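Right, one structure below, let's go through it.
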Amino acid sequence: MSKLPYHGPNWRKLWLKTLLFGLVLLALWLGASFGLSRLLSEARIRQTANQMLAAQGQQLNFDGHQIERGWFPYPYIVLHQVGLSRTQGGSQTMNAESAKLSFGWPSLWGDVSLHSLHLQRANISAQRLENGQWEVAGFTANQAENSTLPHRIELEDSTLRLQYGGQKQILRQVAGFIDRADGNFSLSASLFAPQEYRMQATGSYSGSHFEQLQTTLSGFLPDGQPFTAAWQGNADYTPGQSRLNTKEGRLSIQIPDWQLNIEGNTRNWQLTPDSAVLPETHIIFSNADPANGQPPADAVRHSGSGSINKVSYQNRTLEIGGFQISGTAEYGRGSSGYSANGRLQAGPGHFQIDSLYLSTRHNAAPGSMPYLSGQWHGQAAGNGQSWNAELQGSLDNNEGYLKISGSLSEQGHNIQAALNLSKLSLSGYLEAERPPAAENTPPLWLQYWPQALRRRQISLTLDIGTLESSGLQIQNFHSTLHLDADKLEAQTIKMQMYEGSAEGSAVLHQGSRPKWEAALQFNNIQIKPLLQDAFRFNHLSGRGNASFRLGAEGLNRSEWHTTLAGQGKIVLDNGAWQGINLGKLLNKPDNLPVRNLIRYNAESSTPFRHFSIEATVENGIGTTPRLSLQSDSLNLSGQGSFDIRTATLNYAVLASAGQDLWLPLKINGSINRPNFALDYQRITGNLQSPEQKQRALQDVLQQQWQWIQKLPENQQP
């Protein structure tokens with residue numbers, strides 16, 4: 001048996017005092033609990049509550065078997081399965097999973113006053129009465145001034161059902177407090193309409209005046225982008241009209257996916273649950289990062305300003321007397337500017353924009369000539385699922401007409417458009433040669449293509465009277481363009497060019513190195529400008545037909561030259577092969593040089609009645625299995641290859657004018673200035689000795705001279 005250590009009489013006294021004090025505390029606690037149970041018994045709670053609620057025509061219901069009680073920091077009880085209902089009609093105005101009621105200390109002596117009320121998972125009804133006042137859980141604003149209501153009300157994970165002007169709305173996940181003693185509040189709630197929006201409001205109030213009022217709304221735009229909108233300022237509340245009159249205020253909106261930040265000044269807003277009047281609102285916007293005030297290094301620097309005037313919302317109809325917005329986007333060395341203004345009216349399921357004016361302007365580099373300069377005016381209208389607009393104006397000072405419509409489906413946003421232009425110059429739209437450091441970087445528009453066209457599809461019917469580029473002019477251009485996040489497809493291309501016509505199709509696939517394919521058929525055209533524009537080749541002229549089916553990777557000529565692949569065919573009549581005149585190849589038979597190199601002469605040409613060539617291209621290298629040329633006195637046939645990457649060619653050609661009259665030629669070197677040579681190997685390939693080879697060459701040249709002298713172009717009149 002253990003014994004307590006002995007430390008003298010003082011130690012025994014300390015133990016006795018501690019034991020006595022503990023027994024006293026236990027007795028007090030038991031007495032207080034017993035007293036509180038008797039004081040706040042179920043019967044007294046029901047009696048006191050019904051006496052306090054009788055004036056409001058309500059009664060309290062709760063589960064009497066689950067009552068929790070406590071003293072600190074104030075005497076309190078926790079009731080479960082709580083409900084408030086009207087004594088007449090029995091309709092319920094509030095129910096909660098639990099309610100904690102704290103009482104002021106004087107309540108113990110009969111002067112019952114509620115210090116605070118904490119509701120958990122409550123369901124509360126609120127309606128706007130005909131006199132403009134609000135009734136919340138059966139209490140009106142006048143009754144809220146009475147001591148019946150607690151000094152502090154707290155809500156946790158509750159639901160508020162609103163009814164006003166024939167409309168109903170449900171706020172879920174309501175949480176926060178209203179402190180009537182200190183005059184401040186903080187509330188948050190979720191609104192499903194139909195997607196979730198989270199709302200929050202904090203501030204202080206004195207009577208009907210609100211100070212430091214801050215409200216926040218966050219959620220998702222119809223396209224799925226998250227956003228946050230916030231307003232802060234001071235306001236006055238008019239109870240009879242349920243109207244909030246704001247003073248000077250500050251508006252802030254952020255859309256992270258768009259890297260867009262909007263700041264605005266507001267003045268004299270008048271807000272009610274079912275109406276709003278906004279006399280004047282000014283905004284500025286940019287894609288600067290709020291943390292450091294600068295946009296991301298690789299992003300487009302976007303900024304602008306605007307104003308919204310005479311805004312009113314009533315009877316579910318929105319009217320904007322006038323809106324104006326203008327902005328600038330800067331990227332690389334270029335910049336784009338735009339502006340828009342008009343009037344808007346919108347109601348349930350429809351909207352109308354009148355006096356709409358749009359202006360655009362683009363500069364590829366500082367000091368460059370602007371292009372994409374548009375001035376359009378017209379109107380737009382739509383409903384919840386579709387919209388349309390008709391605009392007249394000009395693009396780059398050329399008259400035009402634009403009709404555009406859109407519709408929303410499960411697959412995304414579909415846009416249909418038709419654009420008619422009298423004339424369009426492509427010179428400014430074709431990307432200038434980029435510096436070597438940027439050769440492997442996709443153009444800016446290609447980088448933003450997938451993001452801009454996400455869940456969007458565009459179909460554009462394009463008609464242009466005159467389409468111009470450097471040295472190229474196209475008449476009556478027509479095509480139907482289909483554009484989405486993956487590809488741009490041009491169907492049913494029709495146009496008049498090179499004094500003939502053309503038709504075909506093309507497609508451009510999006511990617512870090514975009515791929516393109518084109519199929520074009522040219523009819524009755526002049527071939528020389530076509531070959532010069534497409535391949536920098538200008539040594540073949542004539543009128544006829546041509547067909548190409550080609551594809552490559554990359555948009556710059558240096559990129560797609562190395563990957564070009566496909567087939568092509570050209571058939572011409574009454575043309576000329578420039579660079580050599582076979583009729584004047586040799587001047588005198590006694591001076592025939594024993595040489596095989598014949599220099600290119602830009603002023604010389606070999607005319608023909610008919611010419612045809614076919615080619616297959618792979619990785620920028622073309623192979624020609626068949627080449628033929630016929631004139632009144634000359635026939636050519638041959639085959640060979642060309643390299644677009646190095647701009648070189650290598651052909652073996654046989655010229656003939658009848659039996660035993662032939663001249664083998666080799667054509668190689670630069671495509672721009674090719675070399676023509678006698679094919680010495682083909683002339684002497686079966687001979688052994690140098691003497692035999694020399695004699696064969698002389699015989700061929702002598703026979704060729706006799707043939708050449710008989711050609712029509714060498715006959716003297």
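Residues in the structure tokens are numbered from 1 in each chain, the chains being A, B, ... in the order shown, and ligands are numbered from 1 in the order shown.
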Inset, instruction - For Gln92 in chain A, list every protein, DNA or RNA residue within 12 Å, evaluated using only C-alpha atoms, and leave out those in the same chain fewer than 6 positions away; present the list as a ChimeraX atom specification. - result: /A:57-61,82-86,123-126,136-138
Selection from above, N, CA and C atoms, as a tab-separated table (two decimals), in the first residue's frame, can you write it?
chain	number	residue	atom	x	y	z
A	57	GLY	N	-47.46	36.52	-35.31
A	57	GLY	CA	-48.34	35.49	-35.83
A	57	GLY	C	-47.60	34.22	-36.19
A	58	GLN	N	-46.54	33.90	-35.41
A	58	GLN	CA	-45.77	32.70	-35.71
A	58	GLN	C	-45.58	31.87	-34.45
A	59	GLN	N	-45.18	30.64	-34.65
A	59	GLN	CA	-44.89	29.76	-33.52
A	59	GLN	C	-43.65	28.94	-33.83
A	60	LEU	N	-42.98	28.49	-32.75
A	60	LEU	CA	-41.72	27.76	-32.86
A	60	LEU	C	-41.97	26.28	-32.65
A	61	ASN	N	-41.35	25.45	-33.50
A	61	ASN	CA	-41.43	24.00	-33.36
A	61	ASN	C	-40.00	23.45	-33.32
A	82	VAL	N	-35.62	22.46	-36.07
A	82	VAL	CA	-36.33	23.68	-35.69
A	82	VAL	C	-37.16	24.17	-36.88
A	83	GLY	N	-38.33	24.74	-36.61
A	83	GLY	CA	-39.15	25.32	-37.65
A	83	GLY	C	-39.98	26.48	-37.13
A	84	LEU	N	-40.17	27.49	-38.01
A	84	LEU	CA	-41.08	28.60	-37.73
A	84	LEU	C	-42.25	28.49	-38.71
A	85	SER	N	-43.46	28.60	-38.20
A	85	SER	CA	-44.64	28.52	-39.06
A	85	SER	C	-45.67	29.54	-38.60
A	86	ARG	N	-46.52	29.92	-39.53
A	86	ARG	CA	-47.56	30.90	-39.21
A	86	ARG	C	-48.67	30.21	-38.41
A	123	ASN	N	-33.44	26.64	-44.02
A	123	ASN	CA	-34.18	26.92	-45.25
A	123	ASN	C	-35.13	28.08	-44.94
A	124	ILE	N	-34.82	29.27	-45.50
A	124	ILE	CA	-35.52	30.49	-45.11
A	124	ILE	C	-36.22	31.07	-46.32
A	125	SER	N	-37.46	31.50	-46.15
A	125	SER	CA	-38.21	32.16	-47.22
A	125	SER	C	-38.17	33.66	-47.02
A	126	ALA	N	-38.08	34.40	-48.14
A	126	ALA	CA	-38.09	35.86	-48.10
A	126	ALA	C	-38.90	36.36	-49.28
A	136	VAL	N	-38.67	38.51	-44.16
A	136	VAL	CA	-37.69	37.42	-44.10
A	136	VAL	C	-38.05	36.52	-42.93
A	137	ALA	N	-38.33	35.27	-43.23
A	137	ALA	CA	-38.72	34.28	-42.22
A	137	ALA	C	-39.90	34.79	-41.39
A	138	GLY	N	-40.80	35.54	-42.05
A	138	GLY	CA	-41.98	36.02	-41.37
A	138	GLY	C	-41.80	37.34	-40.66
Inset, instruction - Report the residues of range 98-289 of chain A whose backbone DSSP state falls under strand (DSSP E), written as a PyMOL selection string. - result: chain A and resi 98-103+114-128+134-136+139-140+152-164+167-179+184-192+196-206+209-220+226-238+243-255+260-267+270-272+275-286
Put those residues in a file: C-alpha atoms, as a short mmCIF file (atom, residue, chain, number, x, y, z; two decimals), in the first residue's frame.
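New file again-v1.cif:
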data_model
loop_
_atom_site.label_atom_id
_atom_site.label_comp_id
_atom_site.auth_asym_id
_atom_site.auth_seq_id
_atom_site.Cartn_x
_atom_site.Cartn_y
_atom_site.Cartn_z
CA SER A 98 -30.16 23.10 -35.69
CA ALA A 99 -30.47 26.51 -34.05
CA LYS A 100 -28.23 27.86 -31.31
CA LEU A 101 -29.83 30.68 -29.27
CA SER A 102 -27.68 32.73 -26.90
CA PHE A 103 -29.41 34.89 -24.26
CA LEU A 114 -31.73 37.16 -27.54
CA HIS A 115 -28.03 37.87 -27.92
CA SER A 116 -27.38 35.76 -31.01
CA LEU A 117 -28.95 33.17 -33.27
CA HIS A 118 -26.88 30.62 -35.21
CA LEU A 119 -28.74 28.58 -37.84
CA GLN A 120 -27.19 25.55 -39.46
CA ARG A 121 -28.51 24.17 -42.77
CA ALA A 122 -31.55 26.40 -42.57
CA ASN A 123 -34.18 26.92 -45.25
CA ILE A 124 -35.52 30.49 -45.11
CA SER A 125 -38.21 32.16 -47.22
CA ALA A 126 -38.09 35.86 -48.10
CA GLN A 127 -40.59 37.85 -50.12
CA ARG A 128 -41.06 41.42 -51.16
CA TRP A 134 -39.10 42.63 -47.29
CA GLU A 135 -40.43 39.88 -45.11
CA VAL A 136 -37.69 37.42 -44.10
CA PHE A 139 -40.31 39.20 -40.00
CA THR A 140 -40.49 42.62 -41.69
CA ARG A 152 -26.44 38.89 -34.12
CA ILE A 153 -27.67 36.37 -36.69
CA GLU A 154 -25.33 33.75 -38.14
CA LEU A 155 -26.04 31.40 -41.02
CA GLU A 156 -24.15 28.27 -42.03
CA ASP A 157 -24.74 26.24 -45.21
CA SER A 158 -28.30 27.54 -45.53
CA THR A 159 -30.80 28.22 -48.33
CA LEU A 160 -32.65 31.48 -48.96
CA ARG A 161 -35.75 31.38 -51.18
CA LEU A 162 -36.54 34.79 -52.67
CA GLN A 163 -39.84 35.89 -54.19
CA TYR A 164 -40.32 39.35 -55.71
CA GLN A 167 -40.12 36.07 -59.86
CA LYS A 168 -38.47 33.44 -57.74
CA GLN A 169 -34.81 32.84 -57.03
CA ILE A 170 -32.95 30.45 -54.76
CA LEU A 171 -29.66 31.26 -53.01
CA ARG A 172 -27.82 28.21 -51.77
CA GLN A 173 -24.83 27.67 -49.48
CA VAL A 174 -25.65 30.91 -47.68
CA ALA A 175 -23.12 31.68 -44.95
CA GLY A 176 -22.15 34.70 -42.87
CA PHE A 177 -23.51 37.02 -40.21
CA ILE A 178 -25.45 40.23 -39.56
CA ASP A 179 -24.49 42.06 -36.37
CA ASN A 184 -21.67 45.27 -39.86
CA PHE A 185 -22.33 42.17 -41.93
CA SER A 186 -20.69 39.56 -44.16
CA LEU A 187 -22.72 37.22 -46.34
CA SER A 188 -21.93 34.81 -49.18
CA ALA A 189 -24.19 32.61 -51.30
CA SER A 190 -24.29 30.53 -54.50
CA LEU A 191 -26.73 31.28 -57.29
CA PHE A 192 -27.70 28.62 -59.85
CA GLU A 196 -23.19 28.33 -60.29
CA TYR A 197 -22.25 31.89 -59.39
CA ARG A 198 -20.73 32.70 -56.01
CA MET A 199 -21.69 36.03 -54.44
CA GLN A 200 -20.23 37.77 -51.40
CA ALA A 201 -21.01 41.08 -49.68
CA THR A 202 -19.38 42.74 -46.67
CA GLY A 203 -19.62 46.18 -45.08
CA SER A 204 -21.04 48.22 -42.27
CA TYR A 205 -24.30 50.11 -41.96
CA SER A 206 -25.95 52.77 -39.90
CA HIS A 209 -26.54 54.07 -45.01
CA PHE A 210 -23.87 51.55 -46.01
CA GLU A 211 -20.17 52.27 -45.59
CA GLN A 212 -17.28 50.38 -47.22
CA LEU A 213 -19.67 48.12 -49.07
CA GLN A 214 -17.81 45.42 -51.00
CA THR A 215 -19.52 42.92 -53.28
CA THR A 216 -18.00 40.10 -55.33
CA LEU A 217 -19.49 37.85 -58.01
CA SER A 218 -17.53 34.90 -59.44
CA GLY A 219 -18.57 32.18 -61.84
CA PHE A 220 -18.28 31.14 -65.48
CA PRO A 226 -14.09 31.71 -65.21
CA PHE A 227 -14.49 35.33 -64.17
CA THR A 228 -14.58 37.49 -61.05
CA ALA A 229 -16.41 40.83 -60.73
CA ALA A 230 -16.10 43.11 -57.70
CA TRP A 231 -17.55 46.49 -56.68
CA GLN A 232 -16.80 48.65 -53.68
CA GLY A 233 -18.12 51.99 -52.50
CA ASN A 234 -20.82 53.61 -50.35
CA ALA A 235 -24.59 53.45 -50.78
CA ASP A 236 -27.95 54.42 -49.29
CA TYR A 237 -30.92 52.10 -48.98
CA THR A 238 -34.53 53.21 -49.48
CA ARG A 243 -33.63 50.44 -53.72
CA LEU A 244 -29.89 50.75 -53.22
CA ASN A 245 -28.46 54.10 -54.35
CA THR A 246 -24.70 53.94 -54.79
CA LYS A 247 -22.33 56.87 -54.51
CA GLU A 248 -18.92 56.92 -56.15
CA GLY A 249 -17.80 53.34 -56.65
CA ARG A 250 -15.05 51.21 -58.15
CA LEU A 251 -15.70 48.25 -60.46
CA SER A 252 -13.21 45.46 -61.19
CA ILE A 253 -13.63 42.45 -63.53
CA GLN A 254 -11.04 39.74 -64.22
CA ILE A 255 -11.19 36.95 -66.85
CA LEU A 260 -8.30 40.45 -69.32
CA ASN A 261 -8.60 42.93 -66.44
CA ILE A 262 -11.30 45.61 -66.43
CA GLU A 263 -11.35 48.58 -64.04
CA GLY A 264 -14.16 51.13 -63.92
CA ASN A 265 -15.63 54.11 -62.13
CA THR A 266 -19.33 54.05 -61.32
CA ARG A 267 -21.65 56.84 -60.19
CA GLN A 270 -29.84 52.67 -58.53
CA LEU A 271 -30.41 48.97 -57.85
CA THR A 272 -33.48 46.99 -56.82
CA SER A 275 -34.54 46.78 -61.78
CA ALA A 276 -31.41 48.85 -62.23
CA VAL A 277 -30.51 52.31 -63.52
CA LEU A 278 -26.86 53.05 -64.36
CA PRO A 279 -26.53 56.64 -65.59
CA GLU A 280 -22.81 56.52 -66.37
CA THR A 281 -20.00 53.98 -66.16
CA HIS A 282 -16.44 54.41 -67.43
CA ILE A 283 -14.03 51.50 -67.83
CA ILE A 284 -10.43 50.82 -68.79
CA PHE A 285 -9.09 47.36 -69.56
CA SER A 286 -5.82 45.58 -70.25
#
Considering only C-alpha atoms, give me a table of residues in range 416-525 of chain A that are at most 7 Å from range 535-559 of chain A, with the closest atom pair and distance in Å for each, as JSON lines.
{"residue": "A:Arg513", "atom": "CA", "partner": "A:Gly554", "partner_atom": "CA", "distance": 5.4}
{"residue": "A:Pro514", "atom": "CA", "partner": "A:Gly554", "partner_atom": "CA", "distance": 5.3}
{"residue": "A:Lys515", "atom": "CA", "partner": "A:Glu553", "partner_atom": "CA", "distance": 4.3}
{"residue": "A:Trp516", "atom": "CA", "partner": "A:Gly551", "partner_atom": "CA", "distance": 5.4}
{"residue": "A:Glu517", "atom": "CA", "partner": "A:Gly551", "partner_atom": "CA", "distance": 4.0}
{"residue": "A:Ala518", "atom": "CA", "partner": "A:Leu550", "partner_atom": "CA", "distance": 5.5}
{"residue": "A:Ala519", "atom": "CA", "partner": "A:Arg549", "partner_atom": "CA", "distance": 4.3}
{"residue": "A:Leu520", "atom": "CA", "partner": "A:Phe548", "partner_atom": "CA", "distance": 5.4}
{"residue": "A:Gln521", "atom": "CA", "partner": "A:Ser547", "partner_atom": "CA", "distance": 4.4}
{"residue": "A:Phe522", "atom": "CA", "partner": "A:Ala546", "partner_atom": "CA", "distance": 5.0}
{"residue": "A:Asn523", "atom": "CA", "partner": "A:Asn545", "partner_atom": "CA", "distance": 4.7}
{"residue": "A:Asn524", "atom": "CA", "partner": "A:Gly544", "partner_atom": "CA", "distance": 4.6}
{"residue": "A:Ile525", "atom": "CA", "partner": "A:Arg543", "partner_atom": "CA", "distance": 5.3}
File dump, residues just selected, N, CA and C atoms, as a PDB file, in the first residue's frame:
ATOM      1  N   ARG A 513       4.251  23.587 -87.262  1.00  0.00           N
ATOM      2  CA  ARG A 513       4.678  23.771 -88.641  1.00  0.00           C
ATOM      3  C   ARG A 513       3.487  23.410 -89.514  1.00  0.00           C
ATOM      4  N   PRO A 514       2.696  24.388 -89.895  1.00  0.00           N
ATOM      5  CA  PRO A 514       1.430  24.092 -90.582  1.00  0.00           C
ATOM      6  C   PRO A 514       1.649  23.376 -91.911  1.00  0.00           C
ATOM      7  N   LYS A 515       0.664  22.548 -92.268  1.00  0.00           N
ATOM      8  CA  LYS A 515       0.688  21.819 -93.532  1.00  0.00           C
ATOM      9  C   LYS A 515      -0.425  22.355 -94.433  1.00  0.00           C
ATOM     10  N   TRP A 516      -0.127  22.464 -95.720  1.00  0.00           N
ATOM     11  CA  TRP A 516      -1.133  22.924 -96.666  1.00  0.00           C
ATOM     12  C   TRP A 516      -1.177  22.013 -97.877  1.00  0.00           C
ATOM     13  N   GLU A 517      -2.342  21.953 -98.474  1.00  0.00           N
ATOM     14  CA  GLU A 517      -2.566  21.185 -99.706  1.00  0.00           C
ATOM     15  C   GLU A 517      -3.442  22.034-100.617  1.00  0.00           C
ATOM     16  N   ALA A 518      -3.172  21.940-101.926  1.00  0.00           N
ATOM     17  CA  ALA A 518      -3.940  22.720-102.892  1.00  0.00           C
ATOM     18  C   ALA A 518      -4.094  21.923-104.174  1.00  0.00           C
ATOM     19  N   ALA A 519      -5.283  22.027-104.764  1.00  0.00           N
ATOM     20  CA  ALA A 519      -5.564  21.422-106.071  1.00  0.00           C
ATOM     21  C   ALA A 519      -6.201  22.495-106.937  1.00  0.00           C
ATOM     22  N   LEU A 520      -5.516  22.874-108.039  1.00  0.00           N
ATOM     23  CA  LEU A 520      -5.978  23.960-108.890  1.00  0.00           C
ATOM     24  C   LEU A 520      -5.911  23.540-110.350  1.00  0.00           C
ATOM     25  N   GLN A 521      -6.924  23.920-111.095  1.00  0.00           N
ATOM     26  CA  GLN A 521      -7.007  23.679-112.537  1.00  0.00           C
ATOM     27  C   GLN A 521      -7.117  25.032-113.235  1.00  0.00           C
ATOM     28  N   PHE A 522      -6.132  25.347-114.095  1.00  0.00           N
ATOM     29  CA  PHE A 522      -6.115  26.597-114.850  1.00  0.00           C
ATOM     30  C   PHE A 522      -6.534  26.318-116.288  1.00  0.00           C
ATOM     31  N   ASN A 523      -7.423  27.141-116.801  1.00  0.00           N
ATOM     32  CA  ASN A 523      -7.967  26.926-118.142  1.00  0.00           C
ATOM     33  C   ASN A 523      -7.699  28.151-119.012  1.00  0.00           C
ATOM     34  N   ASN A 524      -7.099  27.894-120.193  1.00  0.00           N
ATOM     35  CA  ASN A 524      -6.889  28.925-121.213  1.00  0.00           C
ATOM     36  C   ASN A 524      -6.193  30.156-120.633  1.00  0.00           C
ATOM     37  N   ILE A 525      -5.059  29.927-119.964  1.00  0.00           N
ATOM     38  CA  ILE A 525      -4.333  31.022-119.317  1.00  0.00           C
ATOM     39  C   ILE A 525      -3.009  31.273-120.024  1.00  0.00           C
TER      40      ILE A 525
END
Find the residues around Asn635 in chain A up to 8 Å (only C-alpha atoms counted), leave out those fewer than 6 positions away in its own chain, and share them as an mmCIF file with C-alpha atoms, in the first residue's frame.
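Listed below is the output, result_1.cif:
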data_model
loop_
_atom_site.group_PDB
_atom_site.id
_atom_site.type_symbol
_atom_site.label_atom_id
_atom_site.label_comp_id
_atom_site.auth_asym_id
_atom_site.auth_seq_id
_atom_site.Cartn_x
_atom_site.Cartn_y
_atom_site.Cartn_z
ATOM 1 C CA SER A 628 7.512 17.371 -125.721
ATOM 2 C CA LEU A 629 7.599 20.382 -128.048
ATOM 3 C CA ALA A 655 15.778 17.903 -131.105
ATOM 4 C CA SER A 656 14.808 16.398 -134.459
ATOM 5 C CA ALA A 657 13.513 17.546 -137.832
#
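Taking CA of Leu79 in chain A as the reference point, CA of Gln51 in chain A is found at 17.7 Å.
The environment of Leu462 in chain A within 8 Å, counting only C-alpha atoms and disregarding residues fewer than 2 places along the same chain, consists of A:Ala418, A:Leu419, A:Asn420, A:Leu460, A:Ile464, A:Phe477, A:His478, A:Ser479, A:Thr480, A:Leu481.
Counting from CA of Val653 in chain A, the distance to CA of Gly579 in chain A is 14.5 Å.
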Near-Ala652 in chain A list (9 Å; only C-alpha atoms; drop same-chain fewer than 2 positions) as a PDB file with C-alpha atoms, in the first residue's frame:
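Output contents, as saved in selection_7.pdb:
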ATOM      1  CA  SER A 637      11.299  15.367-126.566  1.00  0.00           C
ATOM      2  CA  GLY A 638      13.055  14.602-123.341  1.00  0.00           C
ATOM      3  CA  GLN A 639      13.039  14.054-119.628  1.00  0.00           C
ATOM      4  CA  GLY A 640      14.826  15.258-116.531  1.00  0.00           C
ATOM      5  CA  ASN A 650      18.944  18.944-115.267  1.00  0.00           C
ATOM      6  CA  LEU A 654      16.512  15.449-128.265  1.00  0.00           C
ATOM      7  CA  PRO A 664      20.970  15.941-128.430  1.00  0.00           C
ATOM      8  CA  LEU A 665      21.081  18.727-125.863  1.00  0.00           C
ATOM      9  CA  LYS A 666      21.705  18.964-122.140  1.00  0.00           C
ATOM     10  CA  ILE A 667      19.976  21.712-120.160  1.00  0.00           C
ATOM     11  CA  ASN A 668      21.208  22.266-116.612  1.00  0.00           C
ATOM     12  CA  ASP A 679      25.243  16.163-125.334  1.00  0.00           C
TER      13      ASP A 679
END
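In terms of minimum interatomic distance to Gly511 in chain A, A:Leu446 ranks closest within A:Leu488, A:Leu467, A:Ile474, A:Leu446, counting only C-alpha atoms.
One finds CA of Ile671 in chain A at 5.5 Å from CA of Ala647 in chain A.
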Inset, instruction - Name the residues of range 397-583 of chain A that fall into alpha helix (DSSP H) according to DSSP on the backbone, using the chain letters and numbers of this document, as a ChimeraX atom specification. - result: /A:444-452,527-535,557-560
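Counting only C-alpha atoms, the residue from A:Pro273, A:Gly304, A:Gly70, A:Pro75 that sits nearest to Gln133 in chain A is A:Pro273.
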Would you mind listing what lies within 10 Å of Ser359 in chain A as a PDB file with N, CA, C and O atoms, in the first residue's frame, with only C-alpha atoms counted and same-chain residues fewer than 3 positions away left out?
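The result, written out as result02.pdb:
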ATOM      1  N   SER A 326     -13.027  51.331 -77.289  1.00  0.00           N
ATOM      2  CA  SER A 326     -11.902  51.412 -78.215  1.00  0.00           C
ATOM      3  C   SER A 326     -10.694  50.777 -77.547  1.00  0.00           C
ATOM      4  O   SER A 326     -10.539  50.833 -76.318  1.00  0.00           O
ATOM      5  N   GLY A 337      -5.741  48.475 -83.905  1.00  0.00           N
ATOM      6  CA  GLY A 337      -6.671  49.303 -83.163  1.00  0.00           C
ATOM      7  C   GLY A 337      -8.096  49.074 -83.625  1.00  0.00           C
ATOM      8  O   GLY A 337      -8.335  48.690 -84.769  1.00  0.00           O
ATOM      9  N   TYR A 338      -9.045  49.270 -82.738  1.00  0.00           N
ATOM     10  CA  TYR A 338     -10.445  49.063 -83.069  1.00  0.00           C
ATOM     11  C   TYR A 338     -11.305  49.956 -82.192  1.00  0.00           C
ATOM     12  O   TYR A 338     -10.879  50.445 -81.141  1.00  0.00           O
ATOM     13  N   SER A 339     -12.528  50.175 -82.633  1.00  0.00           N
ATOM     14  CA  SER A 339     -13.507  50.910 -81.830  1.00  0.00           C
ATOM     15  C   SER A 339     -14.895  50.449 -82.239  1.00  0.00           C
ATOM     16  O   SER A 339     -15.101  49.957 -83.354  1.00  0.00           O
ATOM     17  N   ALA A 340     -15.841  50.585 -81.329  1.00  0.00           N
ATOM     18  CA  ALA A 340     -17.227  50.192 -81.590  1.00  0.00           C
ATOM     19  C   ALA A 340     -18.145  51.054 -80.739  1.00  0.00           C
ATOM     20  O   ALA A 340     -17.814  51.416 -79.605  1.00  0.00           O
ATOM     21  N   ASN A 341     -19.309  51.384 -81.278  1.00  0.00           N
ATOM     22  CA  ASN A 341     -20.325  52.076 -80.493  1.00  0.00           C
ATOM     23  C   ASN A 341     -21.702  51.757 -81.058  1.00  0.00           C
ATOM     24  O   ASN A 341     -21.830  51.284 -82.196  1.00  0.00           O
ATOM     25  N   LEU A 372      -6.075  46.458 -93.240  1.00  0.00           N
ATOM     26  CA  LEU A 372      -7.213  45.954 -92.470  1.00  0.00           C
ATOM     27  C   LEU A 372      -7.974  47.131 -91.861  1.00  0.00           C
ATOM     28  O   LEU A 372      -8.468  47.076 -90.741  1.00  0.00           O
ATOM     29  N   SER A 373      -8.041  48.212 -92.632  1.00  0.00           N
ATOM     30  CA  SER A 373      -8.728  49.421 -92.183  1.00  0.00           C
ATOM     31  C   SER A 373     -10.190  49.326 -92.606  1.00  0.00           C
ATOM     32  O   SER A 373     -10.510  49.420 -93.794  1.00  0.00           O
ATOM     33  N   GLY A 374     -11.050  49.100 -91.639  1.00  0.00           N
ATOM     34  CA  GLY A 374     -12.464  48.924 -91.935  1.00  0.00           C
ATOM     35  C   GLY A 374     -13.333  49.921 -91.217  1.00  0.00           C
ATOM     36  O   GLY A 374     -13.051  50.304 -90.072  1.00  0.00           O
ATOM     37  N   GLN A 375     -14.378  50.357 -91.876  1.00  0.00           N
ATOM     38  CA  GLN A 375     -15.422  51.192 -91.281  1.00  0.00           C
ATOM     39  C   GLN A 375     -16.758  50.574 -91.673  1.00  0.00           C
ATOM     40  O   GLN A 375     -17.105  50.543 -92.867  1.00  0.00           O
ATOM     41  N   TRP A 376     -17.460  50.047 -90.680  1.00  0.00           N
ATOM     42  CA  TRP A 376     -18.701  49.321 -90.937  1.00  0.00           C
ATOM     43  C   TRP A 376     -19.813  49.891 -90.068  1.00  0.00           C
ATOM     44  O   TRP A 376     -19.590  50.240 -88.905  1.00  0.00           O
ATOM     45  N   HIS A 377     -21.013  49.949 -90.628  1.00  0.00           N
ATOM     46  CA  HIS A 377     -22.168  50.395 -89.855  1.00  0.00           C
ATOM     47  C   HIS A 377     -23.362  49.519 -90.217  1.00  0.00           C
ATOM     48  O   HIS A 377     -23.481  49.017 -91.341  1.00  0.00           O
ATOM     49  N   GLY A 393     -20.070  49.008 -95.502  1.00  0.00           N
ATOM     50  CA  GLY A 393     -18.960  49.907 -95.247  1.00  0.00           C
ATOM     51  C   GLY A 393     -17.838  49.682 -96.215  1.00  0.00           C
ATOM     52  O   GLY A 393     -18.057  49.482 -97.419  1.00  0.00           O
ATOM     53  N   SER A 394     -16.617  49.672 -95.701  1.00  0.00           N
ATOM     54  CA  SER A 394     -15.451  49.545 -96.568  1.00  0.00           C
ATOM     55  C   SER A 394     -14.332  48.847 -95.820  1.00  0.00           C
ATOM     56  O   SER A 394     -14.261  48.882 -94.585  1.00  0.00           O
ATOM     57  N   LEU A 395     -13.458  48.201 -96.583  1.00  0.00           N
ATOM     58  CA  LEU A 395     -12.237  47.593 -96.073  1.00  0.00           C
ATOM     59  C   LEU A 395     -11.093  48.088 -96.930  1.00  0.00           C
ATOM     60  O   LEU A 395     -11.090  47.889 -98.151  1.00  0.00           O
TER      61      LEU A 395
END
